[in-house]
Each structure stands twice: as structure tokens, then as C-alpha cells.
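Raw contents of entry.pdb, PDB, C-alpha atoms and all ligand atoms:
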```pdb
ATOM      1  CA  MET A1344     102.494 120.237  85.085  1.00  0.00           C
ATOM      2  CA  LYS A1345     104.319 122.222  87.774  1.00  0.00           C
ATOM      3  CA  ARG A1346     104.415 119.497  90.399  1.00  0.00           C
ATOM      4  CA  ILE A1347     103.901 115.753  90.308  1.00  0.00           C
ATOM      5  CA  ALA A1348     103.295 113.410  93.238  1.00  0.00           C
ATOM      6  CA  VAL A1349     105.423 110.313  92.867  1.00  0.00           C
ATOM      7  CA  PHE A1350     104.394 107.207  94.769  1.00  0.00           C
ATOM      8  CA  CYS A1351     107.100 104.564  94.965  1.00  0.00           C
ATOM      9  CA  GLY A1352     108.693 101.926  97.123  1.00  0.00           C
ATOM     10  CA  SER A1353     110.243 102.486 100.506  1.00  0.00           C
ATOM     11  CA  SER A1354     112.367  99.539  99.316  1.00  0.00           C
ATOM     12  CA  ILE A1355     114.828  99.521  96.457  1.00  0.00           C
ATOM     13  CA  GLY A1356     113.982  96.145  94.883  1.00  0.00           C
ATOM     14  CA  HIS A1357     116.344  93.387  93.768  1.00  0.00           C
ATOM     15  CA  ASN A1358     117.041  94.729  90.283  1.00  0.00           C
ATOM     16  CA  ALA A1359     118.925  98.027  89.764  1.00  0.00           C
ATOM     17  CA  ILE A1360     116.705  98.779  86.756  1.00  0.00           C
ATOM     18  CA  TYR A1361     114.028 100.194  89.123  1.00  0.00           C
ATOM     19  CA  ALA A1362     116.324 102.672  90.858  1.00  0.00           C
ATOM     20  CA  ASN A1363     117.716 103.682  87.453  1.00  0.00           C
ATOM     21  CA  GLU A1364     114.229 104.579  86.232  1.00  0.00           C
ATOM     22  CA  ALA A1365     113.582 106.538  89.452  1.00  0.00           C
ATOM     23  CA  LYS A1366     116.776 108.472  88.658  1.00  0.00           C
ATOM     24  CA  LYS A1367     115.652 109.017  85.045  1.00  0.00           C
ATOM     25  CA  LEU A1368     112.319 110.390  86.199  1.00  0.00           C
ATOM     26  CA  GLY A1369     114.083 112.625  88.738  1.00  0.00           C
ATOM     27  CA  LEU A1370     116.392 113.975  86.016  1.00  0.00           C
ATOM     28  CA  HIS A1371     113.482 114.625  83.655  1.00  0.00           C
ATOM     29  CA  MET A1372     111.577 116.465  86.379  1.00  0.00           C
ATOM     30  CA  SER A1373     114.470 118.680  87.443  1.00  0.00           C
ATOM     31  CA  LYS A1374     115.407 119.453  83.822  1.00  0.00           C
ATOM     32  CA  ASN A1375     111.817 120.470  83.052  1.00  0.00           C
ATOM     33  CA  ASN A1376     111.213 122.397  86.289  1.00  0.00           C
ATOM     34  CA  ILE A1377     108.643 119.944  87.552  1.00  0.00           C
ATOM     35  CA  GLY A1378     108.647 119.759  91.352  1.00  0.00           C
ATOM     36  CA  LEU A1379     108.395 116.485  93.255  1.00  0.00           C
ATOM     37  CA  VAL A1380     105.866 115.902  96.018  1.00  0.00           C
ATOM     38  CA  TYR A1381     106.281 112.590  97.786  1.00  0.00           C
ATOM     39  CA  GLY A1382     106.125 110.633 101.035  1.00  0.00           C
ATOM     40  CA  GLY A1383     109.163 112.408 102.510  1.00  0.00           C
ATOM     41  CA  GLY A1384     111.309 109.326 103.048  1.00  0.00           C
ATOM     42  CA  LYS A1385     115.029 108.969 102.423  1.00  0.00           C
ATOM     43  CA  ILE A1386     114.856 105.221 101.966  1.00  0.00           C
ATOM     44  CA  GLY A1387     114.348 102.985  98.924  1.00  0.00           C
ATOM     45  CA  MET A1388     113.007 104.328  95.631  1.00  0.00           C
ATOM     46  CA  MET A1389     111.711 107.405  97.478  1.00  0.00           C
ATOM     47  CA  GLY A1390     115.217 108.350  98.535  1.00  0.00           C
ATOM     48  CA  VAL A1391     116.615 107.795  95.037  1.00  0.00           C
ATOM     49  CA  ILE A1392     114.191 110.136  93.281  1.00  0.00           C
ATOM     50  CA  ALA A1393     114.408 112.799  96.027  1.00  0.00           C
ATOM     51  CA  ASP A1394     118.230 112.730  96.014  1.00  0.00           C
ATOM     52  CA  THR A1395     118.383 112.917  92.214  1.00  0.00           C
ATOM     53  CA  ILE A1396     116.169 115.999  92.093  1.00  0.00           C
ATOM     54  CA  MET A1397     118.014 117.700  94.975  1.00  0.00           C
ATOM     55  CA  GLU A1398     121.393 117.008  93.290  1.00  0.00           C
ATOM     56  CA  ASN A1399     120.031 118.674  90.149  1.00  0.00           C
ATOM     57  CA  LYS A1400     118.713 121.743  91.989  1.00  0.00           C
ATOM     58  CA  GLY A1401     115.039 120.891  91.602  1.00  0.00           C
ATOM     59  CA  GLU A1402     112.195 121.198  94.086  1.00  0.00           C
ATOM     60  CA  VAL A1403     111.362 118.369  96.494  1.00  0.00           C
ATOM     61  CA  ILE A1404     108.465 118.612  98.940  1.00  0.00           C
ATOM     62  CA  GLY A1405     107.943 115.784 101.403  1.00  0.00           C
ATOM     63  CA  VAL A1406     104.602 115.259 103.117  1.00  0.00           C
ATOM     64  CA  ILE A1407     104.947 113.007 106.113  1.00  0.00           C
ATOM     65  CA  PRO A1408     102.803 112.209 109.172  1.00  0.00           C
ATOM     66  CA  HIS A1409     104.052 113.609 112.518  1.00  0.00           C
ATOM     67  CA  LEU A1410     104.484 110.069 113.739  1.00  0.00           C
ATOM     68  CA  PHE A1411     107.504 109.642 111.434  1.00  0.00           C
ATOM     69  CA  ARG A1412     109.030 113.004 112.374  1.00  0.00           C
ATOM     70  CA  HIS A1413     111.894 111.573 114.396  1.00  0.00           C
ATOM     71  CA  GLU A1414     112.164 108.341 112.485  1.00  0.00           C
ATOM     72  CA  GLU A1415     115.300 107.524 110.590  1.00  0.00           C
ATOM     73  CA  VAL A1416     113.232 107.312 107.418  1.00  0.00           C
ATOM     74  CA  ALA A1417     112.474 111.054 107.053  1.00  0.00           C
ATOM     75  CA  HIS A1418     114.672 112.852 104.517  1.00  0.00           C
ATOM     76  CA  ALA A1419     116.666 115.616 106.228  1.00  0.00           C
ATOM     77  CA  SER A1420     117.754 117.646 103.206  1.00  0.00           C
ATOM     78  CA  ILE A1421     114.903 118.429 100.842  1.00  0.00           C
ATOM     79  CA  THR A1422     113.390 121.767  99.822  1.00  0.00           C
ATOM     80  CA  LYS A1423     110.490 121.553 102.270  1.00  0.00           C
ATOM     81  CA  MET A1424     108.971 119.009 104.621  1.00  0.00           C
ATOM     82  CA  ILE A1425     105.298 119.282 105.533  1.00  0.00           C
ATOM     83  CA  PHE A1426     104.123 117.364 108.610  1.00  0.00           C
ATOM     84  CA  THR A1427     100.531 116.194 108.875  1.00  0.00           C
ATOM     85  CA  LYS A1428      98.592 114.851 111.854  1.00  0.00           C
ATOM     86  CA  LYS A1429      97.534 111.608 110.198  1.00  0.00           C
ATOM     87  CA  MET A1430      98.290 109.391 107.186  1.00  0.00           C
ATOM     88  CA  SER A1431      94.898 110.314 105.705  1.00  0.00           C
ATOM     89  CA  LYS A1432      95.630 114.075 106.025  1.00  0.00           C
ATOM     90  CA  ARG A1433      98.911 113.518 104.205  1.00  0.00           C
ATOM     91  CA  LYS A1434      97.044 112.277 101.131  1.00  0.00           C
ATOM     92  CA  VAL A1435      94.801 115.355 101.112  1.00  0.00           C
ATOM     93  CA  LYS A1436      97.831 117.650 101.424  1.00  0.00           C
ATOM     94  CA  ILE A1437      99.631 115.881  98.578  1.00  0.00           C
ATOM     95  CA  SER A1438      96.609 116.261  96.306  1.00  0.00           C
ATOM     96  CA  GLN A1439      96.421 120.010  97.062  1.00  0.00           C
ATOM     97  CA  LEU A1440     100.004 120.474  95.887  1.00  0.00           C
ATOM     98  CA  VAL A1441     100.155 118.575  92.600  1.00  0.00           C
ATOM     99  CA  ASP A1442      98.978 118.540  88.987  1.00  0.00           C
ATOM    100  CA  GLY A1443      99.375 114.805  88.430  1.00  0.00           C
ATOM    101  CA  TYR A1444     100.444 111.485  89.914  1.00  0.00           C
ATOM    102  CA  ILE A1445     102.971 108.827  88.941  1.00  0.00           C
ATOM    103  CA  ALA A1446     103.595 105.414  90.476  1.00  0.00           C
ATOM    104  CA  LEU A1447     106.946 103.699  90.181  1.00  0.00           C
ATOM    105  CA  ALA A1448     107.703 100.201  91.411  1.00  0.00           C
ATOM    106  CA  GLY A1449     106.664  99.768  95.031  1.00  0.00           C
ATOM    107  CA  GLY A1450     104.656  97.708  97.492  1.00  0.00           C
ATOM    108  CA  PHE A1451     101.383  98.057  99.419  1.00  0.00           C
ATOM    109  CA  GLY A1452     101.881 101.776 100.119  1.00  0.00           C
ATOM    110  CA  THR A1453     102.445 102.577  96.450  1.00  0.00           C
ATOM    111  CA  LEU A1454      99.436 100.559  95.276  1.00  0.00           C
ATOM    112  CA  ASP A1455      97.246 102.078  97.994  1.00  0.00           C
ATOM    113  CA  GLU A1456      98.197 105.596  96.923  1.00  0.00           C
ATOM    114  CA  ILE A1457      97.775 105.114  93.171  1.00  0.00           C
ATOM    115  CA  PHE A1458      94.449 103.279  93.537  1.00  0.00           C
ATOM    116  CA  GLU A1459      93.161 105.970  95.874  1.00  0.00           C
ATOM    117  CA  VAL A1460      93.785 108.712  93.298  1.00  0.00           C
ATOM    118  CA  LEU A1461      92.243 106.523  90.585  1.00  0.00           C
ATOM    119  CA  THR A1462      89.149 106.190  92.777  1.00  0.00           C
ATOM    120  CA  LEU A1463      88.987 109.984  93.175  1.00  0.00           C
ATOM    121  CA  GLY A1464      89.212 110.270  89.371  1.00  0.00           C
ATOM    122  CA  GLN A1465      86.513 107.655  88.899  1.00  0.00           C
ATOM    123  CA  LEU A1466      84.196 109.635  91.196  1.00  0.00           C
ATOM    124  CA  GLY A1467      84.960 112.852  89.321  1.00  0.00           C
ATOM    125  CA  ILE A1468      86.383 114.403  92.512  1.00  0.00           C
ATOM    126  CA  GLU A1469      89.726 114.922  90.756  1.00  0.00           C
ATOM    127  CA  ASN A1470      90.635 115.094  87.103  1.00  0.00           C
ATOM    128  CA  LYS A1471      94.419 115.088  87.181  1.00  0.00           C
ATOM    129  CA  PRO A1472      96.471 112.723  85.019  1.00  0.00           C
ATOM    130  CA  ILE A1473      97.553 109.483  86.691  1.00  0.00           C
ATOM    131  CA  GLY A1474     100.381 107.428  85.237  1.00  0.00           C
ATOM    132  CA  ILE A1475     102.404 104.382  86.002  1.00  0.00           C
ATOM    133  CA  LEU A1476     105.941 103.891  84.840  1.00  0.00           C
ATOM    134  CA  ASN A1477     105.887 100.240  83.909  1.00  0.00           C
ATOM    135  CA  THR A1478     109.631  99.620  84.277  1.00  0.00           C
ATOM    136  CA  ASN A1479     110.627  96.060  83.378  1.00  0.00           C
ATOM    137  CA  GLY A1480     106.910  95.167  83.064  1.00  0.00           C
ATOM    138  CA  TYR A1481     106.640  95.536  86.861  1.00  0.00           C
ATOM    139  CA  PHE A1482     102.917  96.370  86.701  1.00  0.00           C
ATOM    140  CA  ASP A1483     101.964  93.862  83.965  1.00  0.00           C
ATOM    141  CA  HIS A1484     100.095  91.625  86.396  1.00  0.00           C
ATOM    142  CA  THR A1485      98.334  94.569  88.026  1.00  0.00           C
ATOM    143  CA  LEU A1486      97.183  95.725  84.574  1.00  0.00           C
ATOM    144  CA  GLN A1487      96.068  92.172  83.810  1.00  0.00           C
ATOM    145  CA  GLN A1488      93.947  92.258  86.968  1.00  0.00           C
ATOM    146  CA  LEU A1489      92.318  95.485  85.741  1.00  0.00           C
ATOM    147  CA  ASN A1490      91.378  93.657  82.507  1.00  0.00           C
ATOM    148  CA  VAL A1491      89.744  90.923  84.576  1.00  0.00           C
ATOM    149  CA  MET A1492      87.823  93.583  86.497  1.00  0.00           C
ATOM    150  CA  VAL A1493      86.542  95.115  83.229  1.00  0.00           C
ATOM    151  CA  LYS A1494      85.681  91.685  81.787  1.00  0.00           C
ATOM    152  CA  GLU A1495      83.765  90.665  84.896  1.00  0.00           C
ATOM    153  CA  GLY A1496      81.854  93.952  85.073  1.00  0.00           C
ATOM    154  CA  PHE A1497      83.427  95.539  88.146  1.00  0.00           C
ATOM    155  CA  LEU A1498      85.376  98.284  86.397  1.00  0.00           C
ATOM    156  CA  LYS A1499      84.248 100.457  83.496  1.00  0.00           C
ATOM    157  CA  GLN A1500      86.597 100.484  80.505  1.00  0.00           C
ATOM    158  CA  GLU A1501      86.466 104.305  80.461  1.00  0.00           C
ATOM    159  CA  ASN A1502      87.610 104.377  84.087  1.00  0.00           C
ATOM    160  CA  LYS A1503      90.399 101.922  83.381  1.00  0.00           C
ATOM    161  CA  ASN A1504      91.457 104.204  80.516  1.00  0.00           C
ATOM    162  CA  MET A1505      92.181 106.968  83.035  1.00  0.00           C
ATOM    163  CA  LEU A1506      95.341 105.102  83.954  1.00  0.00           C
ATOM    164  CA  LEU A1507      98.180 106.142  81.625  1.00  0.00           C
ATOM    165  CA  VAL A1508     100.936 103.580  81.194  1.00  0.00           C
ATOM    166  CA  SER A1509     104.377 103.668  79.630  1.00  0.00           C
ATOM    167  CA  GLU A1510     107.775 102.059  80.088  1.00  0.00           C
ATOM    168  CA  HIS A1511     109.453 105.338  79.132  1.00  0.00           C
ATOM    169  CA  VAL A1512     109.671 108.491  81.226  1.00  0.00           C
ATOM    170  CA  ASP A1513     109.386 110.928  78.267  1.00  0.00           C
ATOM    171  CA  GLU A1514     106.407 109.129  76.790  1.00  0.00           C
ATOM    172  CA  LEU A1515     104.605 108.913  80.130  1.00  0.00           C
ATOM    173  CA  ILE A1516     105.026 112.643  80.798  1.00  0.00           C
ATOM    174  CA  GLN A1517     103.797 113.400  77.268  1.00  0.00           C
ATOM    175  CA  LEU A1518     100.708 111.217  77.799  1.00  0.00           C
ATOM    176  CA  MET A1519     100.066 113.068  81.059  1.00  0.00           C
ATOM    177  CA  ASP A1520     100.554 116.509  79.478  1.00  0.00           C
ATOM    178  CA  ASN A1521      97.997 115.630  76.779  1.00  0.00           C
ATOM    179  CA  TYR A1522      95.514 114.020  79.156  1.00  0.00           C
ATOM    180  CA  ILE A1523      91.920 115.162  79.039  1.00  0.00           C
ATOM    181  CA  ALA A1524      89.803 113.707  81.829  1.00  0.00           C
ATOM    182  CA  PRO A1525      86.631 111.947  80.691  1.00  0.00           C
ATOM    183  CA  LYS A1526      83.437 113.887  81.334  1.00  0.00           C
ATOM    184  CA  MET A1527      81.798 112.264  84.314  1.00  0.00           C
ATOM    185  CA  THR A1528      78.670 113.038  86.183  1.00  0.00           C
ATOM    186  CA  LYS A1529      79.968 113.339  89.676  1.00  0.00           C
ATOM    187  CA  VAL A1530      78.627 110.462  91.746  1.00  0.00           C
ATOM    188  CA  ILE A1531      78.369 112.889  94.666  1.00  0.00           C
ATOM    189  CA  ASN A1532      76.128 115.196  92.605  1.00  0.00           C
ATOM    190  CA  LYS A1533      73.986 112.243  91.620  1.00  0.00           C
ATOM    191  CA  VAL A1534      73.597 111.218  95.267  1.00  0.00           C
ATOM    192  CA  VAL A1535      72.737 114.768  96.337  1.00  0.00           C
ATOM    193  CA  LYS A1536      70.153 115.095  93.537  1.00  0.00           C
ATOM    194  CA  SER A1537      68.518 111.767  94.329  1.00  0.00           C
ATOM    195  CA  ASN A1538      68.420 112.649  98.056  1.00  0.00           C
ATOM    196  CA  ASN A1539      66.808 115.998  97.271  1.00  0.00           C
ATOM    197  CA  SER A1540      64.209 114.489  94.948  1.00  0.00           C
ATOM    198  CA  SER A1541      63.174 111.960  97.584  1.00  0.00           C
ATOM    199  CA  LYS A1542      62.519 114.727 100.188  1.00  0.00           C
TER
HETATM  200  P1  LIG B1601     105.636 100.842  99.882  1.00  0.00           P
HETATM  201  O1  LIG B1601     105.272 100.874  98.414  1.00  0.00           O
HETATM  202  O2  LIG B1601     104.788  99.875 100.652  1.00  0.00           O
HETATM  203  O3  LIG B1601     107.091 100.683 100.134  1.00  0.00           O
HETATM  204  O4  LIG B1601     105.215 102.282 100.450  1.00  0.00           O
HETATM  205  C1  LIG B1601     105.748 103.409  99.841  1.00  0.00           C
HETATM  206  C2  LIG B1601     104.717 104.498  99.706  1.00  0.00           C
HETATM  207  O5  LIG B1601     104.005 104.630 100.941  1.00  0.00           O
HETATM  208  C3  LIG B1601     105.376 105.834  99.433  1.00  0.00           C
HETATM  209  O6  LIG B1601     104.899 106.406  98.229  1.00  0.00           O
HETATM  210  C4  LIG B1601     105.089 106.685 100.653  1.00  0.00           C
HETATM  211  O7  LIG B1601     104.248 107.767 100.372  1.00  0.00           O
HETATM  212  C5  LIG B1601     104.441 105.770 101.669  1.00  0.00           C
HETATM  213  N1  LIG B1601     105.427 105.286 102.690  1.00  0.00           N
HETATM  214  C6  LIG B1601     105.572 104.015 103.082  1.00  0.00           C
HETATM  215  N2  LIG B1601     106.551 103.886 104.004  1.00  0.00           N
HETATM  216  C7  LIG B1601     107.033 105.106 104.220  1.00  0.00           C
HETATM  217  C8  LIG B1601     108.056 105.638 105.064  1.00  0.00           C
HETATM  218  N3  LIG B1601     108.754 104.870 105.883  1.00  0.00           N
HETATM  219  N4  LIG B1601     108.288 106.966 105.016  1.00  0.00           N
HETATM  220  C9  LIG B1601     107.580 107.742 104.225  1.00  0.00           C
HETATM  221  N5  LIG B1601     106.605 107.292 103.409  1.00  0.00           N
HETATM  222  C10 LIG B1601     106.324 106.010 103.392  1.00  0.00           C
END
```

Could you spell out this file's structure in C-alpha cells?
Ligand code: AMP
Amino acid sequence: MKRIAVFCGSSIGHNAIYANEAKKLGLHMSKNNIGLVYGGGKIGMMGVIADTIMENKGEVIGVIPHLFRHEEVAHASITKMIFTKKMSKRKVKISQLVDGYIALAGGFGTLDEIFEVLTLGQLGIENKPIGILNTNGYFDHTLQQLNVMVKEGFLKQENKNMLLVSEHVDELIQLMDNYIAPKMTKVINKVVKSNNSSK
């Protein structure tokens, strides 16, 4: 993987363990020449990982909507900042730049971003590895919810298996490097075929 999108909190959390793991991931990425693509903020977990990679001479690309251009939140000293017209365009831009996705501890924004890329994977639109760094068991309850969704028939086990999980940076990156996306019939293709056959 040449570049990874990291989704993580615009907050720092109450326990320093989360920021420490963001630093660890940043160190691993800079040491292994893996560039960071992220929301472009200087605050919270986002700021920690961006600063760590910049301090270690790695590549940091921020993708941020124009709206936030003059906000205090935008990071002023990263390798490159890309401005997009809308939030939705930012997600498309991020996906064009990266070979995989990782979520660290975060809030609504982080969950929105990681579930969106999982949905793209589920539809066969993307086949990049998607991981969560489960620092301090932060995502245990989220993973529990996914089990409920499988049990109740709203999520296929094979789709749940797309999500790679580890508490350790090295192990997570290894899982992502070895990831082979499940063969899926693209839902879009299915829809197109069924539309054509009904003409
Ligand atoms: P949250 O997890 O709710 O703190 O939101 C963080 C995620 O949403 C990040 O991965 C960003 O891509 C995006 N995001 C939320 N707030 C900001 C902000 N102020 N500046 C840049 N990106 C943000």
C-alpha cells in the first residue's frame, strides 16, 4: 500500500492511549513510506497522526471542503492540501488517492466514513482493504452490533468479514497487505442486467 486514508476523531478522547496509537500508526506509516490521506484537520486524533508523519518526513495529504478553508481546524503545514466543493466530493477524492482505509477512535464522522467505504466494498464498487485499529477495545460494541446484524439477517457474514480488526498497528497493516477482496457480483451489474432483460 502506497497511501492509506485514516479516518479518526477531531477530538482527542479522555485517555492518552488513543493518541499514542495514532502516533504509533503515524510512525509505522512514515517508516514504511506509506502516505497519509485524511480529513485535513489539525485538531484531535487527526492532528496527532498528521504531525507525527510530518515530523518523520512522511507524506500527508489533506482533503478538506472549501467551507473549512479559513477555519482554524485546517492543518497549515502538511505536504499537500486538496480543497473540494462539498463534503461528498471529498470522499470521492480520498478514495481516488488511496490503497486502503483505517479507522482509529473517533465519533460520528469517523463511523460515517468507515461505514461508507464498507458499503462500497459490499457493493463491489471498491475492493480495497478496510481496517479498524481497535485500541483499548474502543470498537468492541460496534463489532458486537455487526454480530447482531448478521444474526438477524441484515448483514452477510462474508460482508462483515471484509472488516479487518486488530489492536496492533503491525498486525493490522499485515492483515491489510494480505487482504484479498471476496468475489462479488456487482449489485450495479445485476441491476443493469435485470433492467435490460425487462426491456
Ligand atoms: P469525528 O469522528 O466526528 O470527530 O469526525 C472526524 C472525521 O470526520 C475525520 O476523519 C474527518 O475526515 C472528518 N472531520 C470531522 N470534523 C472535521 C474537521 N473539523 N476538519 C476536518 N475533518 C473533519

Can you turn the PyMOL selection byres (((not hetatm)) within 6 of (chain B and resi 1601)) into a concrete residue list for this file, as a VMD selection string?
chain A and resid 1350 to 1354 1381 to 1384 1416 1449 to 1453

Could you check which of A:Ile1468, A:Ala1419, A:Met1430, A:Val1508 is closest to Tyr1481 of chain A, using all atoms listed in the file?
A:Val1508

Can you check which parts of segment 1372-1477 of chain A lie within 8 Å of segment 1511-1518 of chain A? Per residue, the shortest pair of atoms and distance in Å to one decimal, counting only C-alpha atoms, sorted by chain and number, as CSV.
```
residue,atom,partner,partner_atom,distance
A:Gly1474,CA,A:Leu1515,CA,6.8
A:Ile1475,CA,A:Leu1515,CA,7.7
A:Leu1476,CA,A:His1511,CA,6.9
A:Asn1477,CA,A:His1511,CA,7.8
```

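Checking A:Pro1525, A:Asn1376, A:Met1388, A:Glu1495 one by one against Asn1358 of chain A, counting only C-alpha atoms, you find the shortest gap at A:Met1388.
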
(97.2, 95.8, 83.9) in this file's frame - what residues fall within 12 Å of it? Use only C-alpha atoms and give the answer as a PyMOL selection string.
chain A and resi 1475-1477+1480-1493+1503-1504+1506-1509

Report as a PyMOL selection string all protein, DNA and RNA residues lying within 7 Å of Phe1426 of chain A, evaluated on all atoms listed in the file, omitting residues in the same chain fewer than 2 positions from it.
chain A and resi 1406-1409+1424+1428

Kindly list the centre and edge lengths in Å, rounded to one decimal, for the axis-aligned box that covers all listed atoms of segment 1425-1443 of chain A plus 3 Å on each of its six sides, as lines of an AutoDock Vina configuration file.
```
center_x = 100.0
center_y = 114.9
center_z = 100.1
size_x = 16.5
size_y = 17.1
size_z = 29.4
```

So, counting only C-alpha atoms, which residue among A:Ser1420, A:Thr1478, A:Asn1502, A:Asn1470 is closest to Met1519 of chain A?
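Residue with the minimum atom-to-atom distance to Met1519 of chain A: A:Asn1470.
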
Nearest to Asp1442 of chain A by atom-to-atom distance, counting all atoms listed in the file, from A:Gly1401, A:Gly1496, A:Gly1356, A:Pro1472:
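Selected residue with least distance to Asp1442 of chain A: A:Pro1472.
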